[in-house]
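Below: one structure, written as structure tokens.
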Amino acid sequence: MDKRLGLNKYEIDSESHIEVDKELCEKCEAKPCLFVCPAEVYKLEDGKLVYSYEDCLECGTCIIACKGMGRGAVNWRNPRGGFGIVYRYG
Amino acid sequence: MEIIVCAKYALDVAEIKIDPSGKPLLDGVPRRVSDIDKNAMEAAVNIKEKQGGTIKVVCFGPASAKEGLKELLAMGADEAYLVEDPSGGMLDTAATVEALAAAIQKIGSFDLILCGEATTDGYTGQVGPRLAGKLGIPQITYARNLNVEGNSVTAERDLEDAYETVKAPTPVLVSVTREINVPRIPSLMAILKASKKPMTIWKLEDLGLSKEKLEQVSTLQTVDLQGFAVERKRVVIKDKPVEEAVQELVSYLMKEKALGV
Amino acid sequence: MAAEEKFDVIVVGAGLAGSTAAYVLAKEGLQVLLIERGRQAGAKNMTGGIIYSRVVHEVFPNFWEEAPVERAITSYNIVFLGENSAVTLNLKAPGLGKPPYNAFSVLRAKFDRWIAGKAEEAGATLVTGVTVDELVMENGKVKGIKSGSDELLADVVIDAEGAKSLLVEKAGLRGDFKPEDVSVGVKELIELPEETVNERFNVGGGEGASYTLVGYTKGVAGGGFLYTNKASISLGIVARIDMLVEKQVKVHELIEDYKVHPFISKLIEGGNVAEYSAQIIHEGGIAQVPRLYSDGFLAAGSSACLLINNLFTLRGMDLAVASGAAAARAVLKAKERNDFSASSLSAYESLLREAFILTDMEAFRRTPSLLNNRRFFTVYPDLACSVMEELFSVNPAPSEKAFKVVRRHMKGKAGLLDVLRDLLGVYRAL
């Protein structure tokens, strides 16, 4: 996955556009974000959810999956102007 | 304080492709304002916000540099000047200095010239110092912070293994490092305002220069341009107890001189 | 902070819908601000489709002469993928490679920059690298937009932010999206020399092929696509969000499977992957379309969930252009009355009907439910392949009649009644 994302161009912001409510997330057993995110932004490390907003393709899948099948712990907003994924082809 | 910021509309190095023969392909590579020049602009805006004054930004570059200048106007410059480079941005630092100096002389008075320590594409770091030489003013390079008091500036220079604090009278040229600040992201209103700020476009002839004259001073020739590809070693150590695997990895890295004494 | 200038209309998003709306409005002399969060128009956009020409031609006559289109699609294919084989339905129509054309492959980073440029030429103010965070609301009415600490007011805000449709939600026009109504699409852009594409797909210069891929998705509702660009191929997969979770399958694993399938691997052989992109797709059809307008607010393109899937064609980009134009025309009418209330802007809906967008979406309202039928992407593609393989193979064993072969292969997978019911479903949906 790293290799695949390495092909893309990103303007990486110093602040994250994704926030996860830890309390809600810990109660979530399904953790749909682990399966649906095409960039594998969300991962489990020692049973805890970690996320790398820098890899985000800004597709919006996690918002829908987390709200509809999880606990709604993912709080996603658009990155600040100009930051995030920059498609060269699209 | 009257401040002039020099900025380059540099090649976006993230967009340079290396073709299989090892040659980087520079054709059609998009440009963007060199990152460190944005630090210089931010430093200028910080000074202006504290003690007032004007900020003019000067660029020697292709016609497309207007896009970059708009961004710098949105960051807080009051006026922009573009000297159109007929070579499309491929002349060396001597020619760049010739053009910038002529533009600055035409603009007239100034107290402080700010530029980035180097540009993100060529990274020669020569334009600032050479420009100070050409204009016959003092220079302070690699400033990681900057203070203006009356008719003098004090800066802390980053010498990698030490910091040096120096003071110089104005007019002075200061080149800044990335560490000096975090450049602002222009807000919607700032961008809208910037579209109404004046931008002057000069041809070389407007400054008493010509393409031929610049080519004469531009003595640096690019003989060859080669990318290099790093082949991965593709060594995988698996199906072994951790201790053994670590031992093997360490001895491999030592053999490759990646680790060692 | 007070604005020094006043805009009649603020358009959020310089994609196909937004730039078209800004273009139509600016051409009529309105003060239009077009705000894009990417560094340039197109920087955030990707497509897993082709752009159908007819509707775009109405707004931008003969756009193919100046727009950066990749190839005019003249070869249309539906491919059912089995384990090791594929059954293809192919239409070759060279006539579709002439003006006014049927469809083009496009790369959005280039195409969207062109169309935003048209809006600028017409007089719209394009601002890039600015994210709109909120709407300015007053008693439920939309009054403008917020970006960081900046507020800017306008008579109307046209939301063309794309499929995430965050502002439509903030305007209170839609509830939460349901995972079963939305798919995630991922795409790899695979570079190949132009001549190789011509030869491999048996197309003339400037002409191209499109493939809709069915099956081979580990039981997940969805499918794939493959399009030829000038010097590259777009290969992608679309998978329903709820089913990825249910089957615990990762969407990029499906694309990896595709790439080694004998039918696809031959088409992409020797290519270099240059980009990996992703986007959500609203598959819920007309039932998913939110309220399209409110006081001072209109939604166009995929932020209004406008998408038509009739199994043969997937229309999104041309609907974005058409809805952008319709939104702009509704605003022009409202401007004549100087009334930007919801009832004044309701002309938008009738304009969308006149452009056959809502009518088409209603006509195909049953297709989304077809996707709920797992046999369509699990049983039938495999069945088609194994039956055809047997019919075309000559063995020493005694031959059976075709129907008997089909019945034998269906055993345990689908009953005759199921198949008849499914056929009826397809008939009704289409």
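Each chain of the structure tokens is named A, B, ... in the order shown, its residues numbered from 1; ligands are numbered from 1 in display order.
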
| query | Which polymer residues have any atom within 6 Å of an atom of range 40-53 of chain C, counting only C-alpha atoms, with same-chain residues fewer than 4 positions away left out, as a PyMOL selection string? | reply | (chain A and resi 86-87+90) or (chain C and resi 14+57+102-105+108-109+112-113+128+317-318)

Written selection (N, CA and C atoms) as a JSON list (two decimals), in the first residue's frame:
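Written out: selection25.json:
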```
[["chain", "number", "residue", "atom", "x", "y", "z"],
["A", 86, "VAL", "N", -3.19, 15.62, -4.22],
["A", 86, "VAL", "CA", -3.19, 16.43, -5.45],
["A", 86, "VAL", "C", -3.14, 15.45, -6.63],
["A", 87, "TYR", "N", -4.26, 15.26, -7.27],
["A", 87, "TYR", "CA", -4.26, 14.34, -8.41],
["A", 87, "TYR", "C", -3.62, 15.00, -9.62],
["A", 90, "GLY", "N", -6.18, 11.95, -12.34],
["A", 90, "GLY", "CA", -7.60, 11.96, -11.92],
["A", 90, "GLY", "C", -8.50, 11.27, -12.89],
["C", 14, "ALA", "N", -14.91, 23.78, -8.03],
["C", 14, "ALA", "CA", -14.68, 24.01, -9.46],
["C", 14, "ALA", "C", -14.49, 22.69, -10.19],
["C", 57, "HIS", "N", -22.12, 19.01, -25.03],
["C", 57, "HIS", "CA", -22.14, 19.71, -26.32],
["C", 57, "HIS", "C", -23.18, 20.83, -26.32],
["C", 102, "ASN", "N", -20.18, 10.07, -29.00],
["C", 102, "ASN", "CA", -21.05, 9.56, -27.95],
["C", 102, "ASN", "C", -20.44, 9.81, -26.57],
["C", 103, "ALA", "N", -19.17, 9.47, -26.45],
["C", 103, "ALA", "CA", -18.54, 9.62, -25.13],
["C", 103, "ALA", "C", -17.03, 9.71, -25.29],
["C", 104, "PHE", "N", -16.41, 10.33, -24.29],
["C", 104, "PHE", "CA", -14.95, 10.47, -24.26],
["C", 104, "PHE", "C", -14.41, 9.95, -22.93],
["C", 105, "SER", "N", -13.19, 9.42, -22.99],
["C", 105, "SER", "CA", -12.47, 9.24, -21.74],
["C", 105, "SER", "C", -11.78, 10.57, -21.45],
["C", 108, "ARG", "N", -9.42, 13.98, -15.15],
["C", 108, "ARG", "CA", -10.06, 15.15, -14.53],
["C", 108, "ARG", "C", -9.09, 16.28, -14.20],
["C", 109, "ALA", "N", -7.86, 15.94, -13.82],
["C", 109, "ALA", "CA", -6.92, 17.01, -13.46],
["C", 109, "ALA", "C", -6.80, 18.00, -14.62],
["C", 112, "ASP", "N", -10.92, 19.30, -15.85],
["C", 112, "ASP", "CA", -11.57, 20.25, -14.94],
["C", 112, "ASP", "C", -10.88, 21.61, -14.96],
["C", 113, "ARG", "N", -9.57, 21.60, -15.22],
["C", 113, "ARG", "CA", -8.85, 22.87, -15.33],
["C", 113, "ARG", "C", -9.33, 23.63, -16.56],
["C", 128, "THR", "N", -8.62, 29.43, -5.91],
["C", 128, "THR", "CA", -8.25, 28.04, -5.60],
["C", 128, "THR", "C", -7.50, 27.98, -4.27],
["C", 317, "MET", "N", -20.74, 12.38, -15.00],
["C", 317, "MET", "CA", -20.10, 13.63, -15.40],
["C", 317, "MET", "C", -21.00, 14.48, -16.28],
["C", 318, "ASP", "N", -21.72, 13.86, -17.21],
["C", 318, "ASP", "CA", -22.58, 14.69, -18.06],
["C", 318, "ASP", "C", -23.76, 15.24, -17.26]]
```

So that each row is one residue of chain C with an atom at most 6 Å from chain A, can you give its shortest atom pair and the distance in Å to one decimal, using only C-alpha atoms, rows by chain and rising number, as JSON lines?
```
{"residue": "C:Arg37", "atom": "CA", "partner": "A:Gly81", "partner_atom": "CA", "distance": 5.0}
{"residue": "C:Gly38", "atom": "CA", "partner": "A:Gly82", "partner_atom": "CA", "distance": 4.8}
{"residue": "C:Arg39", "atom": "CA", "partner": "A:Gly82", "partner_atom": "CA", "distance": 4.5}
{"residue": "C:Ala43", "atom": "CA", "partner": "A:Tyr87", "partner_atom": "CA", "distance": 4.8}
{"residue": "C:Lys44", "atom": "CA", "partner": "A:Tyr87", "partner_atom": "CA", "distance": 5.9}
{"residue": "C:Asn45", "atom": "CA", "partner": "A:Gly90", "partner_atom": "CA", "distance": 5.7}
{"residue": "C:Met46", "atom": "CA", "partner": "A:Gly90", "partner_atom": "CA", "distance": 3.9}
{"residue": "C:Leu107", "atom": "CA", "partner": "A:Gly90", "partner_atom": "CA", "distance": 5.2}
{"residue": "C:Arg108", "atom": "CA", "partner": "A:Gly90", "partner_atom": "CA", "distance": 4.8}
{"residue": "C:Ala109", "atom": "CA", "partner": "A:Tyr89", "partner_atom": "CA", "distance": 5.1}
{"residue": "C:Gly129", "atom": "CA", "partner": "A:Gly82", "partner_atom": "CA", "distance": 4.1}
{"residue": "C:Val130", "atom": "CA", "partner": "A:Gly81", "partner_atom": "CA", "distance": 4.1}
{"residue": "C:Thr131", "atom": "CA", "partner": "A:Gly81", "partner_atom": "CA", "distance": 4.8}
{"residue": "C:Lys164", "atom": "CA", "partner": "A:Gly60", "partner_atom": "CA", "distance": 5.8}
{"residue": "C:Lys178", "atom": "CA", "partner": "A:Gly68", "partner_atom": "CA", "distance": 5.9}
{"residue": "C:Pro179", "atom": "CA", "partner": "A:Ala65", "partner_atom": "CA", "distance": 5.9}
{"residue": "C:Val245", "atom": "CA", "partner": "A:Pro32", "partner_atom": "CA", "distance": 5.7}
{"residue": "C:Lys250", "atom": "CA", "partner": "A:Phe35", "partner_atom": "CA", "distance": 5.1}
{"residue": "C:Ala274", "atom": "CA", "partner": "A:Leu7", "partner_atom": "CA", "distance": 5.9}
{"residue": "C:Glu275", "atom": "CA", "partner": "A:Leu7", "partner_atom": "CA", "distance": 5.5}
{"residue": "C:Ala278", "atom": "CA", "partner": "A:Cys59", "partner_atom": "CA", "distance": 5.6}
{"residue": "C:Gln279", "atom": "CA", "partner": "A:Cys59", "partner_atom": "CA", "distance": 4.3}
{"residue": "C:Ile280", "atom": "CA", "partner": "A:Cys59", "partner_atom": "CA", "distance": 5.7}
```

### Task
Report as an MDAnalysis selection string: the residues of range 58-302 of chain C with a DSSP assignment of strand (DSSP E or B), based on the backbone of this structure.
chainID C and resid 69:81 86:92 103:106 125:128 134:138 141:147 150:159 182:191 207:214 222:228 232:240 272:282 293:294 297:299

Write out, as JSON lines, each residue of chain B that has an atom at most 9 Å from chain C, together with the closest pair of atoms and their distance in Å to one decimal, counting only C-alpha atoms, rows going by chain and rising number.
```
{"residue": "B:Ile185", "atom": "CA", "partner": "C:Gly129", "partner_atom": "CA", "distance": 8.8}
{"residue": "B:Pro186", "atom": "CA", "partner": "C:Val130", "partner_atom": "CA", "distance": 8.3}
{"residue": "B:Ser187", "atom": "CA", "partner": "C:Val130", "partner_atom": "CA", "distance": 7.1}
{"residue": "B:Leu188", "atom": "CA", "partner": "C:Val130", "partner_atom": "CA", "distance": 6.2}
{"residue": "B:Met189", "atom": "CA", "partner": "C:Asp150", "partner_atom": "CA", "distance": 6.6}
{"residue": "B:Ile191", "atom": "CA", "partner": "C:Val127", "partner_atom": "CA", "distance": 7.2}
{"residue": "B:Leu192", "atom": "CA", "partner": "C:Val127", "partner_atom": "CA", "distance": 7.7}
{"residue": "B:Lys193", "atom": "CA", "partner": "C:Glu4", "partner_atom": "CA", "distance": 8.2}
```

Output C-alpha atoms of each residue in that selection to a file, as a PDB file, in the first residue's frame.
```
ATOM      1  CA  ILE B 185      -2.006  30.159   4.019  1.00  0.00           C
ATOM      2  CA  PRO B 186      -3.789  33.073   2.357  1.00  0.00           C
ATOM      3  CA  SER B 187      -7.409  33.387   3.423  1.00  0.00           C
ATOM      4  CA  LEU B 188     -10.311  33.780   1.013  1.00  0.00           C
ATOM      5  CA  MET B 189     -10.527  37.541   1.666  1.00  0.00           C
ATOM      6  CA  ILE B 191      -6.904  36.229  -2.103  1.00  0.00           C
ATOM      7  CA  LEU B 192      -9.831  38.354  -3.269  1.00  0.00           C
ATOM      8  CA  LYS B 193      -8.034  41.515  -2.154  1.00  0.00           C
TER       9      LYS B 193
END
```

Residue nearest Ile241 in chain C among C:Ile10, C:Ala330, C:Val182, C:Ile255 (counting only C-alpha atoms) =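 Of C:Ile10, C:Ala330, C:Val182, C:Ile255, the one nearest Ile241 in chain C, counting only C-alpha atoms, is C:Val182.
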
Query raised in the report: Near Glu19 in chain A, counting only C-alpha atoms, which residues have an atom at most 12 Å away, once you skip same-chain residues fewer than 3 positions from it, shown as a PyMOL selection string?
Result: chain A and resi 15-16+22+24-25+42+49-53+62-63+72-79

Any chance you could export the current selection's N, CA, C and O atoms as a PDB file, in the first residue's frame?
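part.pdb, freshly written:
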```
ATOM      1  N   GLU A  15      -1.419  19.952  10.363  1.00  0.00           N
ATOM      2  CA  GLU A  15      -2.524  19.546  11.239  1.00  0.00           C
ATOM      3  C   GLU A  15      -3.439  18.545  10.551  1.00  0.00           C
ATOM      4  O   GLU A  15      -3.607  18.556   9.332  1.00  0.00           O
ATOM      5  N   SER A  16      -3.987  17.649  11.358  1.00  0.00           N
ATOM      6  CA  SER A  16      -4.808  16.562  10.825  1.00  0.00           C
ATOM      7  C   SER A  16      -6.228  17.037  10.514  1.00  0.00           C
ATOM      8  O   SER A  16      -6.790  17.837  11.255  1.00  0.00           O
ATOM      9  N   LYS A  22     -11.936   8.844  20.760  1.00  0.00           N
ATOM     10  CA  LYS A  22     -11.358   7.596  21.302  1.00  0.00           C
ATOM     11  C   LYS A  22     -12.379   6.770  22.068  1.00  0.00           C
ATOM     12  O   LYS A  22     -12.450   5.559  21.928  1.00  0.00           O
ATOM     13  N   LEU A  24     -15.695   6.674  21.883  1.00  0.00           N
ATOM     14  CA  LEU A  24     -16.676   6.032  21.001  1.00  0.00           C
ATOM     15  C   LEU A  24     -16.007   4.898  20.224  1.00  0.00           C
ATOM     16  O   LEU A  24     -16.565   3.820  20.053  1.00  0.00           O
ATOM     17  N   CYS A  25     -14.808   5.149  19.759  1.00  0.00           N
ATOM     18  CA  CYS A  25     -14.107   4.186  18.911  1.00  0.00           C
ATOM     19  C   CYS A  25     -13.824   2.903  19.683  1.00  0.00           C
ATOM     20  O   CYS A  25     -13.953   1.804  19.154  1.00  0.00           O
ATOM     21  N   TYR A  42      -6.677   3.881   8.384  1.00  0.00           N
ATOM     22  CA  TYR A  42      -6.979   3.407   9.733  1.00  0.00           C
ATOM     23  C   TYR A  42      -6.366   2.021   9.953  1.00  0.00           C
ATOM     24  O   TYR A  42      -6.540   1.128   9.121  1.00  0.00           O
ATOM     25  N   LEU A  49      -6.935   1.878  17.743  1.00  0.00           N
ATOM     26  CA  LEU A  49      -7.017   2.439  16.395  1.00  0.00           C
ATOM     27  C   LEU A  49      -6.012   3.589  16.228  1.00  0.00           C
ATOM     28  O   LEU A  49      -5.941   4.489  17.054  1.00  0.00           O
ATOM     29  N   VAL A  50      -5.222   3.493  15.190  1.00  0.00           N
ATOM     30  CA  VAL A  50      -4.342   4.619  14.835  1.00  0.00           C
ATOM     31  C   VAL A  50      -4.678   5.031  13.404  1.00  0.00           C
ATOM     32  O   VAL A  50      -5.210   4.225  12.640  1.00  0.00           O
ATOM     33  N   TYR A  51      -4.407   6.272  13.070  1.00  0.00           N
ATOM     34  CA  TYR A  51      -4.732   6.703  11.704  1.00  0.00           C
ATOM     35  C   TYR A  51      -3.666   7.648  11.183  1.00  0.00           C
ATOM     36  O   TYR A  51      -3.092   8.424  11.933  1.00  0.00           O
ATOM     37  N   SER A  52      -3.372   7.550   9.890  1.00  0.00           N
ATOM     38  CA  SER A  52      -2.386   8.441   9.270  1.00  0.00           C
ATOM     39  C   SER A  52      -3.103   9.312   8.250  1.00  0.00           C
ATOM     40  O   SER A  52      -3.306   8.905   7.100  1.00  0.00           O
ATOM     41  N   TYR A  53      -3.501  10.493   8.698  1.00  0.00           N
ATOM     42  CA  TYR A  53      -4.285  11.399   7.848  1.00  0.00           C
ATOM     43  C   TYR A  53      -3.511  11.799   6.602  1.00  0.00           C
ATOM     44  O   TYR A  53      -4.082  12.177   5.578  1.00  0.00           O
ATOM     45  N   CYS A  62     -14.923   6.565   4.789  1.00  0.00           N
ATOM     46  CA  CYS A  62     -14.889   6.304   6.237  1.00  0.00           C
ATOM     47  C   CYS A  62     -16.020   7.014   6.968  1.00  0.00           C
ATOM     48  O   CYS A  62     -16.553   6.495   7.950  1.00  0.00           O
ATOM     49  N   ILE A  63     -16.402   8.200   6.475  1.00  0.00           N
ATOM     50  CA  ILE A  63     -17.460   8.952   7.156  1.00  0.00           C
ATOM     51  C   ILE A  63     -18.740   8.115   7.145  1.00  0.00           C
ATOM     52  O   ILE A  63     -19.422   7.963   8.155  1.00  0.00           O
ATOM     53  N   GLY A  72     -19.776   6.219  14.727  1.00  0.00           N
ATOM     54  CA  GLY A  72     -19.714   7.639  14.387  1.00  0.00           C
ATOM     55  C   GLY A  72     -18.564   8.359  15.075  1.00  0.00           C
ATOM     56  O   GLY A  72     -18.648   9.550  15.358  1.00  0.00           O
ATOM     57  N   ALA A  73     -17.498   7.616  15.344  1.00  0.00           N
ATOM     58  CA  ALA A  73     -16.359   8.211  16.061  1.00  0.00           C
ATOM     59  C   ALA A  73     -15.472   9.056  15.142  1.00  0.00           C
ATOM     60  O   ALA A  73     -14.765   9.936  15.594  1.00  0.00           O
ATOM     61  N   VAL A  74     -15.518   8.745  13.836  1.00  0.00           N
ATOM     62  CA  VAL A  74     -14.649   9.465  12.909  1.00  0.00           C
ATOM     63  C   VAL A  74     -15.247  10.837  12.604  1.00  0.00           C
ATOM     64  O   VAL A  74     -16.394  10.953  12.186  1.00  0.00           O
ATOM     65  N   ASN A  75     -14.454  11.852  12.856  1.00  0.00           N
ATOM     66  CA  ASN A  75     -14.859  13.220  12.518  1.00  0.00           C
ATOM     67  C   ASN A  75     -13.941  13.703  11.402  1.00  0.00           C
ATOM     68  O   ASN A  75     -12.764  13.965  11.624  1.00  0.00           O
ATOM     69  N   TRP A  76     -14.482  13.779  10.212  1.00  0.00           N
ATOM     70  CA  TRP A  76     -13.677  14.075   9.015  1.00  0.00           C
ATOM     71  C   TRP A  76     -14.103  15.422   8.438  1.00  0.00           C
ATOM     72  O   TRP A  76     -15.296  15.670   8.279  1.00  0.00           O
ATOM     73  N   ARG A  77     -13.147  16.280   8.169  1.00  0.00           N
ATOM     74  CA  ARG A  77     -13.474  17.522   7.454  1.00  0.00           C
ATOM     75  C   ARG A  77     -12.498  17.664   6.293  1.00  0.00           C
ATOM     76  O   ARG A  77     -11.486  16.963   6.233  1.00  0.00           O
ATOM     77  N   ASN A  78     -12.801  18.571   5.371  1.00  0.00           N
ATOM     78  CA  ASN A  78     -11.881  18.798   4.268  1.00  0.00           C
ATOM     79  C   ASN A  78     -10.579  19.365   4.813  1.00  0.00           C
ATOM     80  O   ASN A  78     -10.600  20.198   5.720  1.00  0.00           O
ATOM     81  N   PRO A  79      -9.429  18.936   4.251  1.00  0.00           N
ATOM     82  CA  PRO A  79      -8.169  19.551   4.666  1.00  0.00           C
ATOM     83  C   PRO A  79      -8.203  21.050   4.348  1.00  0.00           C
ATOM     84  O   PRO A  79      -8.985  21.492   3.503  1.00  0.00           O
TER      85      PRO A  79
END
```

So which residues touch Ala229 in chain B within 8 Å, counting only C-alpha atoms, skipping near sequence neighbours fewer than 2 positions away, as JSON, numbers by chain?
{"B": [22, 227, 231]}

Only C-alpha atoms, please: the residues just picked out, written as a compact mmCIF listing (two decimals), in the first residue's frame.
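This went into out23.txt:
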```txt
# COMPACT_ATOMS: atom_id res chain seq x y z
CA GLY B 22 18.05 8.14 -16.12
CA GLY B 227 18.74 11.10 -12.41
CA GLU B 231 17.97 -0.33 -6.65
```

Closest contacts (chain B/chain A, max 12 Å, only C-alpha atoms) as CSV:
```
residue,atom,partner,partner_atom,distance
B:Asp12,CA,A:Lys9,CA,11.2
B:Val13,CA,A:Lys9,CA,11.1
B:Ala14,CA,A:Lys9,CA,7.4
B:Glu15,CA,A:Lys9,CA,8.3
B:Ile16,CA,A:Lys9,CA,11.5
B:Lys17,CA,A:Leu7,CA,11.2
B:Val29,CA,A:Arg88,CA,11.3
B:Pro30,CA,A:Arg88,CA,10.6
B:Glu71,CA,A:Gly82,CA,11.8
B:Val182,CA,A:Ser14,CA,10.3
B:Pro183,CA,A:Ser14,CA,12.0
B:Arg184,CA,A:Gly81,CA,11.3
B:Ile185,CA,A:Gly81,CA,7.7
B:Pro186,CA,A:Gly81,CA,8.8
B:Ser187,CA,A:Gly81,CA,8.7
B:Leu188,CA,A:Gly81,CA,9.4
B:Ile191,CA,A:Gly81,CA,11.8
```

Here CA of Glu212 in chain B and CA of Asp85 in chain B stand apart by 11.8 Å

_Can you tell me, as number ranges by chain, which residues in range 153-379 of chain C count as alpha helix (DSSP H) by DSSP?_
C: 166-170, 194-200, 241-247, 251-260, 262-268, 317-337, 342-345, 347-354, 357-363, 367-370, 379
